[in-house]
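To be precise, the following lines are my_file_33.tsv, and they hold TSV, C-alpha atoms.
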```
chain	number	residue	atom	x	y	z
A	762	MET	CA	-24.53	2.47	26.59
A	763	ALA	CA	-22.81	0.25	24.04
A	764	SER	CA	-24.32	-3.11	23.15
A	765	LEU	CA	-22.15	-6.01	22.03
A	766	ARG	CA	-23.39	-9.13	20.29
A	767	ARG	CA	-21.25	-11.91	18.85
A	768	TYR	CA	-22.10	-14.08	15.85
A	769	PRO	CA	-20.20	-17.41	15.88
A	770	LEU	CA	-19.14	-18.64	12.45
A	771	PRO	CA	-20.24	-22.07	11.20
A	772	ARG	CA	-16.58	-23.17	11.48
A	773	PRO	CA	-14.98	-22.08	14.79
A	774	GLU	CA	-11.48	-22.41	13.31
A	775	ALA	CA	-12.29	-20.15	10.32
A	776	GLY	CA	-10.03	-17.31	11.49
A	777	PRO	CA	-11.97	-14.21	10.36
A	778	PHE	CA	-9.48	-11.50	9.39
A	779	GLY	CA	-10.56	-8.52	7.25
A	780	ILE	CA	-14.05	-7.03	7.11
A	781	THR	CA	-15.73	-4.27	5.10
A	782	ALA	CA	-19.16	-2.89	4.33
A	783	GLY	CA	-20.50	-4.14	1.01
A	784	PRO	CA	-22.60	-2.20	-1.53
A	785	ASP	CA	-25.50	-4.56	-0.74
A	786	GLY	CA	-25.89	-3.37	2.85
A	787	ALA	CA	-24.22	-6.48	4.31
A	788	LEU	CA	-20.74	-6.96	5.77
A	789	TRP	CA	-18.18	-9.01	3.85
A	790	PHE	CA	-15.19	-10.65	5.53
A	791	THR	CA	-12.34	-13.05	4.91
A	792	GLU	CA	-11.82	-16.40	6.63
A	793	LEU	CA	-8.06	-16.80	6.70
A	794	ASN	CA	-7.95	-20.40	7.96
A	795	ALA	CA	-11.06	-21.66	6.19
A	796	ASN	CA	-10.00	-20.24	2.80
A	797	GLN	CA	-13.35	-18.56	2.28
A	798	VAL	CA	-14.99	-15.17	1.89
A	799	GLY	CA	-18.03	-14.69	4.07
A	800	ARG	CA	-21.04	-12.40	4.11
A	801	ILE	CA	-23.14	-11.49	7.12
A	802	THR	CA	-26.31	-9.44	7.12
A	803	THR	CA	-27.04	-6.95	9.88
A	804	GLU	CA	-29.50	-9.53	11.21
A	805	GLY	CA	-26.69	-12.08	11.54
A	806	ALA	CA	-27.37	-14.42	8.58
A	807	PHE	CA	-24.21	-15.95	7.10
A	808	THR	CA	-23.23	-16.97	3.57
A	809	GLU	CA	-19.79	-18.41	2.81
A	810	HIS	CA	-17.93	-18.75	-0.49
A	811	PRO	CA	-14.93	-21.12	-0.81
A	812	LEU	CA	-11.97	-19.90	-2.87
A	813	PRO	CA	-10.72	-21.82	-5.92
A	814	THR	CA	-7.06	-21.73	-4.85
A	815	PRO	CA	-6.29	-24.01	-1.88
A	816	GLU	CA	-4.72	-22.22	1.11
A	817	ALA	CA	-4.95	-18.83	-0.61
A	818	GLY	CA	-4.91	-17.08	2.76
A	819	PRO	CA	-7.54	-14.37	2.21
A	820	SER	CA	-6.64	-11.41	4.42
A	821	PHE	CA	-7.95	-7.86	3.91
A	822	ILE	CA	-11.02	-6.99	1.83
A	823	VAL	CA	-12.53	-3.81	0.37
A	824	ALA	CA	-15.46	-2.76	-1.80
A	825	GLY	CA	-14.36	-1.75	-5.29
A	826	SER	CA	-15.70	0.89	-7.65
A	827	ASP	CA	-17.22	-1.88	-9.83
A	828	GLY	CA	-19.68	-3.05	-7.14
A	829	ALA	CA	-17.64	-6.17	-6.29
A	830	LEU	CA	-15.46	-7.00	-3.28
A	831	TRP	CA	-11.69	-7.26	-3.68
A	832	PHE	CA	-9.34	-9.06	-1.31
A	833	THR	CA	-5.70	-9.99	-0.90
A	834	GLU	CA	-4.56	-13.60	-0.91
A	835	ASN	CA	-1.52	-13.54	1.33
A	836	SER	CA	-0.45	-17.16	0.97
A	837	GLY	CA	-1.68	-17.50	-2.60
A	838	HIS	CA	0.19	-14.34	-3.65
A	839	GLY	CA	-2.75	-12.99	-5.59
A	840	ILE	CA	-5.74	-10.67	-5.58
A	841	GLY	CA	-9.29	-11.99	-5.52
A	842	ARG	CA	-12.55	-10.48	-6.69
A	843	ILE	CA	-15.98	-11.69	-5.59
A	844	THR	CA	-19.32	-10.46	-6.89
A	845	LEU	CA	-22.39	-10.01	-4.71
A	846	SER	CA	-23.69	-13.31	-6.08
A	847	GLY	CA	-20.52	-15.13	-4.97
A	848	GLU	CA	-18.62	-15.52	-8.25
A	849	VAL	CA	-14.85	-15.50	-7.58
A	850	VAL	CA	-12.00	-14.58	-9.91
A	851	GLU	CA	-8.36	-14.71	-8.80
A	852	TYR	CA	-5.44	-12.77	-10.27
A	853	ALA	CA	-1.86	-13.96	-9.75
A	854	LEU	CA	0.66	-11.23	-9.02
A	855	PRO	CA	3.58	-10.68	-11.42
A	856	THR	CA	6.06	-10.89	-8.53
A	857	ALA	CA	6.42	-14.34	-7.00
A	858	LYS	CA	5.85	-14.76	-3.24
A	859	ALA	CA	4.77	-11.12	-2.85
A	860	GLY	CA	2.55	-11.75	0.18
A	861	PRO	CA	-0.14	-9.07	-0.33
A	862	VAL	CA	-1.83	-7.84	2.84
A	863	GLY	CA	-3.53	-4.41	3.05
A	864	ILE	CA	-5.90	-3.28	0.31
A	865	ALA	CA	-7.83	-0.08	-0.42
A	866	ALA	CA	-10.08	1.43	-3.07
A	867	GLY	CA	-8.20	4.20	-4.84
A	868	PRO	CA	-9.48	7.58	-6.02
A	869	ASP	CA	-8.75	6.50	-9.61
A	870	GLY	CA	-11.31	3.68	-9.56
A	871	ALA	CA	-8.64	0.99	-9.18
A	872	VAL	CA	-7.80	-1.09	-6.12
A	873	TRP	CA	-4.42	-0.59	-4.44
A	874	PHE	CA	-2.61	-3.06	-2.20
A	875	VAL	CA	0.70	-3.67	-0.44
A	876	GLU	CA	3.11	-6.56	-1.00
A	877	ILE	CA	4.74	-7.16	2.37
A	878	MET	CA	7.20	-9.80	1.15
A	879	ALA	CA	8.22	-8.00	-2.04
A	880	ASP	CA	8.48	-4.38	-0.79
A	881	ARG	CA	6.11	-3.17	-3.47
A	882	ILE	CA	2.83	-1.32	-3.83
A	883	GLY	CA	0.39	-2.83	-6.29
A	884	ARG	CA	-2.49	-1.49	-8.33
A	885	ILE	CA	-5.15	-3.61	-10.00
A	886	ALA	CA	-7.66	-2.13	-12.39
A	887	THR	CA	-11.20	-3.51	-12.35
A	888	THR	CA	-10.29	-5.20	-15.65
A	889	GLY	CA	-7.63	-7.22	-13.80
A	890	ARG	CA	-4.57	-5.41	-15.10
A	891	ILE	CA	-1.85	-5.26	-12.42
A	892	THR	CA	0.92	-2.70	-12.01
A	893	GLU	CA	3.60	-2.88	-9.30
A	894	TYR	CA	5.75	-0.08	-7.85
A	895	PRO	CA	8.95	-0.99	-5.96
A	896	LEU	CA	9.71	0.88	-2.74
A	897	ARG	CA	13.02	2.63	-2.24
A	898	ILE	CA	13.90	0.92	1.04
A	899	SER	CA	14.74	-2.77	1.13
A	900	GLY	CA	12.96	-4.54	3.98
A	901	ALA	CA	10.22	-1.89	4.20
A	902	ARG	CA	7.53	-4.59	4.63
A	903	PRO	CA	4.47	-2.47	3.78
A	904	HIS	CA	1.47	-3.61	5.80
A	905	ALA	CA	-1.66	-1.43	5.50
A	906	ILE	CA	-2.86	1.15	2.96
A	907	THR	CA	-5.61	3.76	2.76
A	908	ALA	CA	-6.83	6.46	0.38
A	909	ALA	CA	-6.63	10.04	1.66
A	910	ALA	CA	-8.17	13.43	0.92
A	911	ASP	CA	-5.10	14.57	-1.03
A	912	GLY	CA	-5.89	12.08	-3.81
A	913	ALA	CA	-3.00	9.76	-2.94
A	914	LEU	CA	-2.63	6.43	-1.13
A	915	TRP	CA	-0.79	6.26	2.20
A	916	PHE	CA	0.71	3.11	3.69
A	917	THR	CA	2.68	1.85	6.66
A	918	GLN	CA	6.20	0.44	6.28
A	919	TRP	CA	6.37	-1.91	9.22
A	920	GLY	CA	9.97	-3.03	8.61
A	921	SER	CA	11.63	0.33	7.89
A	922	ASN	CA	9.78	2.55	10.41
A	923	HIS	CA	8.26	4.83	7.76
A	924	ILE	CA	4.93	6.03	6.44
A	925	GLY	CA	4.77	5.99	2.66
A	926	ARG	CA	2.71	7.91	0.12
A	927	ILE	CA	2.05	6.96	-3.50
A	928	THR	CA	0.22	9.00	-6.10
A	929	VAL	CA	-2.07	7.39	-8.65
A	930	THR	CA	0.75	7.87	-11.19
A	931	GLY	CA	3.19	5.90	-9.04
A	932	GLU	CA	5.29	8.65	-7.42
A	933	ILE	CA	6.46	7.52	-3.98
A	934	SER	CA	7.45	9.57	-0.91
A	935	GLU	CA	8.51	8.18	2.48
A	936	TYR	CA	8.41	9.77	5.93
A	937	SER	CA	10.44	8.51	8.87
A	938	ILE	CA	8.66	7.94	12.19
A	939	PRO	CA	10.42	9.67	15.14
A	940	THR	CA	10.17	6.66	17.50
A	941	PRO	CA	12.73	3.98	16.54
A	942	GLY	CA	11.25	0.52	16.03
A	943	SER	CA	7.66	1.79	16.22
A	944	GLU	CA	6.41	-1.02	13.92
A	945	PRO	CA	3.51	0.82	12.25
A	946	HIS	CA	0.62	-1.39	11.17
A	947	GLY	CA	-2.91	-0.04	10.58
A	948	ILE	CA	-3.48	3.37	8.99
A	949	ALA	CA	-6.55	5.53	8.35
A	950	ALA	CA	-7.34	8.96	6.94
A	951	GLY	CA	-8.81	11.08	9.73
A	952	PRO	CA	-11.62	13.66	9.48
A	953	ASP	CA	-9.00	16.34	10.20
A	954	GLY	CA	-7.16	15.63	6.95
A	955	ALA	CA	-4.27	13.93	8.74
A	956	LEU	CA	-3.15	10.30	8.51
A	957	TRP	CA	-3.47	8.36	11.74
A	958	PHE	CA	-1.60	5.11	12.29
A	959	ALA	CA	-1.13	2.46	14.97
A	960	GLU	CA	2.35	1.68	16.26
A	961	GLU	CA	2.76	-1.79	17.73
A	962	ALA	CA	5.37	-0.27	20.07
A	963	GLY	CA	2.53	1.38	21.99
A	964	LYS	CA	1.66	4.71	20.35
A	965	ILE	CA	-0.79	6.23	17.90
A	966	GLY	CA	0.88	8.40	15.27
A	967	ARG	CA	-0.48	11.37	13.31
A	968	LEU	CA	1.02	12.67	10.07
A	969	VAL	CA	-0.16	15.93	8.51
A	970	PRO	CA	0.38	16.08	4.72
A	971	ALA	CA	2.33	19.12	3.56
```
Turn this file's structure into structure tokens for me.
Amino acid sequence: MASLRRYPLPRPEAGPFGITAGPDGALWFTELNANQVGRITTEGAFTEHPLPTPEAGPSFIVAGSDGALWFTENSGHGIGRITLSGEVVEYALPTAKAGPVGIAAGPDGAVWFVEIMADRIGRIATTGRITEYPLRISGARPHAITAAADGALWFTQWGSNHIGRITVTGEISEYSIPTPGSEPHGIAAGPDGALWFAEEAGKIGRLVPA
């Protein structure tokens, strides 16, 4: 039988958003409304780290290959990096008002993310160097991204009703979803080698790479 326990944050209005397992055995999460990155141990002890940029809007977060945590700043239009000791560095994106959301650790050691407002896929090396790749469809509004077993990154295109794929060299492919207006959001690589994604229209989709 499942057991559920809740851990209230110090600030009720914090708006926790993204969460990921850290390399230190704790869980790291973003506080969208409080403009902080938080850490919670499996025993429920909290630590919170304010961000330097006001109203940065931290959203999704992932553990990087360098042992730090990386997160998107949706309102601040940047990418943040936080070490296990709480040191924060922020990187502004080359494209203004890009609105980054989803983020994933890539098979190349870099961190990949989507720019929902700019219709681009971004890559940031652990050194901080950023590369952006424009999508073919205007209004694609990429939302979530994940690494898959084929060595590429797959992402949802919420606005254009597609699932996209980008290689680590920047080659992009797009696949139309059969249901019109499906509004795909979250995406994950399944244990069967397929890509599974959530459609806000009320379905779960499965895409098998060729």
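Remark: for A:Thr802, the closest of the candidate residues A:Ala959, A:Ile927, A:Ala905, A:Leu788 is A:Leu788 (distances computed over all atoms listed in the file).
Take atom CA of A:Leu830 and atom CA of A:Ala795: the distance between them is 18.0 Å.
Atom CA of A:Asp827 is positioned 17.8 Å from atom CA of A:Val929.
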Which one of A:Glu804, A:Ala787, A:Ala886, A:Gly867 sits closest to A:Arg842 if you count all atoms listed in the file?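 Once distances to A:Arg842 are computed over all atoms listed in the file, the minimum belongs to A:Ala886.
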Pick out the residues sitting within 12 Å of A:Ile933, and hand them over as a PyMOL selection string; count all atoms listed in the file, and ignore anything fewer than 3 positions along from it in its own chain. chain A and resi 881-882+894-898+913-916+924-930+936
Can those selected residues be exported to a file as an mmCIF file, in the frame of the given file so that it contains C-alpha atoms?
```cif
data_model
loop_
_atom_site.group_PDB
_atom_site.id
_atom_site.type_symbol
_atom_site.label_atom_id
_atom_site.label_comp_id
_atom_site.auth_asym_id
_atom_site.auth_seq_id
_atom_site.Cartn_x
_atom_site.Cartn_y
_atom_site.Cartn_z
ATOM 1 C CA ARG A 881 6.110 -3.170 -3.470
ATOM 2 C CA ILE A 882 2.830 -1.320 -3.830
ATOM 3 C CA TYR A 894 5.750 -0.080 -7.850
ATOM 4 C CA PRO A 895 8.950 -0.990 -5.960
ATOM 5 C CA LEU A 896 9.710 0.880 -2.740
ATOM 6 C CA ARG A 897 13.020 2.630 -2.240
ATOM 7 C CA ILE A 898 13.900 0.920 1.040
ATOM 8 C CA ALA A 913 -3.000 9.760 -2.940
ATOM 9 C CA LEU A 914 -2.630 6.430 -1.130
ATOM 10 C CA TRP A 915 -0.790 6.260 2.200
ATOM 11 C CA PHE A 916 0.710 3.110 3.690
ATOM 12 C CA ILE A 924 4.930 6.030 6.440
ATOM 13 C CA GLY A 925 4.770 5.990 2.660
ATOM 14 C CA ARG A 926 2.710 7.910 0.120
ATOM 15 C CA ILE A 927 2.050 6.960 -3.500
ATOM 16 C CA THR A 928 0.220 9.000 -6.100
ATOM 17 C CA VAL A 929 -2.070 7.390 -8.650
ATOM 18 C CA THR A 930 0.750 7.870 -11.190
ATOM 19 C CA TYR A 936 8.410 9.770 5.930
#
```
Could you write stretch 913-927 of chain A as a PDB file, in the frame of the given file, with N, CA and C atoms rebuilt where they are missing?
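Result file follows (rebuild.pdb):
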```pdb
ATOM      1  N   ALA A 913      -4.053  10.769  -2.901  1.00  0.00           N
ATOM      2  CA  ALA A 913      -3.000   9.760  -2.940  1.00  0.00           C
ATOM      3  C   ALA A 913      -3.348   8.599  -2.016  1.00  0.00           C
ATOM      4  N   LEU A 914      -2.513   7.569  -2.029  1.00  0.00           N
ATOM      5  CA  LEU A 914      -2.630   6.430  -1.130  1.00  0.00           C
ATOM      6  C   LEU A 914      -1.488   6.511  -0.123  1.00  0.00           C
ATOM      7  N   TRP A 915      -1.796   6.242   1.137  1.00  0.00           N
ATOM      8  CA  TRP A 915      -0.790   6.260   2.200  1.00  0.00           C
ATOM      9  C   TRP A 915      -0.700   4.867   2.805  1.00  0.00           C
ATOM     10  N   PHE A 916       0.513   4.468   3.198  1.00  0.00           N
ATOM     11  CA  PHE A 916       0.710   3.110   3.690  1.00  0.00           C
ATOM     12  C   PHE A 916       1.782   3.066   4.774  1.00  0.00           C
ATOM     13  N   THR A 917       1.684   2.052   5.619  1.00  0.00           N
ATOM     14  CA  THR A 917       2.680   1.850   6.660  1.00  0.00           C
ATOM     15  C   THR A 917       3.811   0.970   6.140  1.00  0.00           C
ATOM     16  N   GLN A 918       5.033   1.262   6.589  1.00  0.00           N
ATOM     17  CA  GLN A 918       6.200   0.440   6.280  1.00  0.00           C
ATOM     18  C   GLN A 918       6.691  -0.135   7.614  1.00  0.00           C
ATOM     19  N   TRP A 919       6.142  -1.275   7.934  1.00  0.00           N
ATOM     20  CA  TRP A 919       6.370  -1.910   9.220  1.00  0.00           C
ATOM     21  C   TRP A 919       7.861  -2.188   9.468  1.00  0.00           C
ATOM     22  N   GLY A 920       8.571  -2.628   8.431  1.00  0.00           N
ATOM     23  CA  GLY A 920       9.970  -3.030   8.610  1.00  0.00           C
ATOM     24  C   GLY A 920      10.955  -1.887   8.653  1.00  0.00           C
ATOM     25  N   SER A 921      10.653  -0.761   7.991  1.00  0.00           N
ATOM     26  CA  SER A 921      11.630   0.330   7.890  1.00  0.00           C
ATOM     27  C   SER A 921      11.278   1.536   8.754  1.00  0.00           C
ATOM     28  N   ASN A 922      10.153   1.461   9.505  1.00  0.00           N
ATOM     29  CA  ASN A 922       9.780   2.550  10.410  1.00  0.00           C
ATOM     30  C   ASN A 922       9.425   3.838   9.655  1.00  0.00           C
ATOM     31  N   HIS A 923       8.667   3.691   8.580  1.00  0.00           N
ATOM     32  CA  HIS A 923       8.260   4.830   7.760  1.00  0.00           C
ATOM     33  C   HIS A 923       6.764   4.781   7.463  1.00  0.00           C
ATOM     34  N   ILE A 924       6.242   5.934   7.078  1.00  0.00           N
ATOM     35  CA  ILE A 924       4.930   6.030   6.440  1.00  0.00           C
ATOM     36  C   ILE A 924       5.189   6.429   4.996  1.00  0.00           C
ATOM     37  N   GLY A 925       4.553   5.718   4.075  1.00  0.00           N
ATOM     38  CA  GLY A 925       4.770   5.990   2.660  1.00  0.00           C
ATOM     39  C   GLY A 925       3.536   6.609   2.011  1.00  0.00           C
ATOM     40  N   ARG A 926       3.776   7.301   0.902  1.00  0.00           N
ATOM     41  CA  ARG A 926       2.710   7.910   0.120  1.00  0.00           C
ATOM     42  C   ARG A 926       2.960   7.603  -1.347  1.00  0.00           C
ATOM     43  N   ILE A 927       1.919   7.209  -2.072  1.00  0.00           N
ATOM     44  CA  ILE A 927       2.050   6.960  -3.500  1.00  0.00           C
ATOM     45  C   ILE A 927       0.909   7.640  -4.233  1.00  0.00           C
TER      46      ILE A 927
END
```
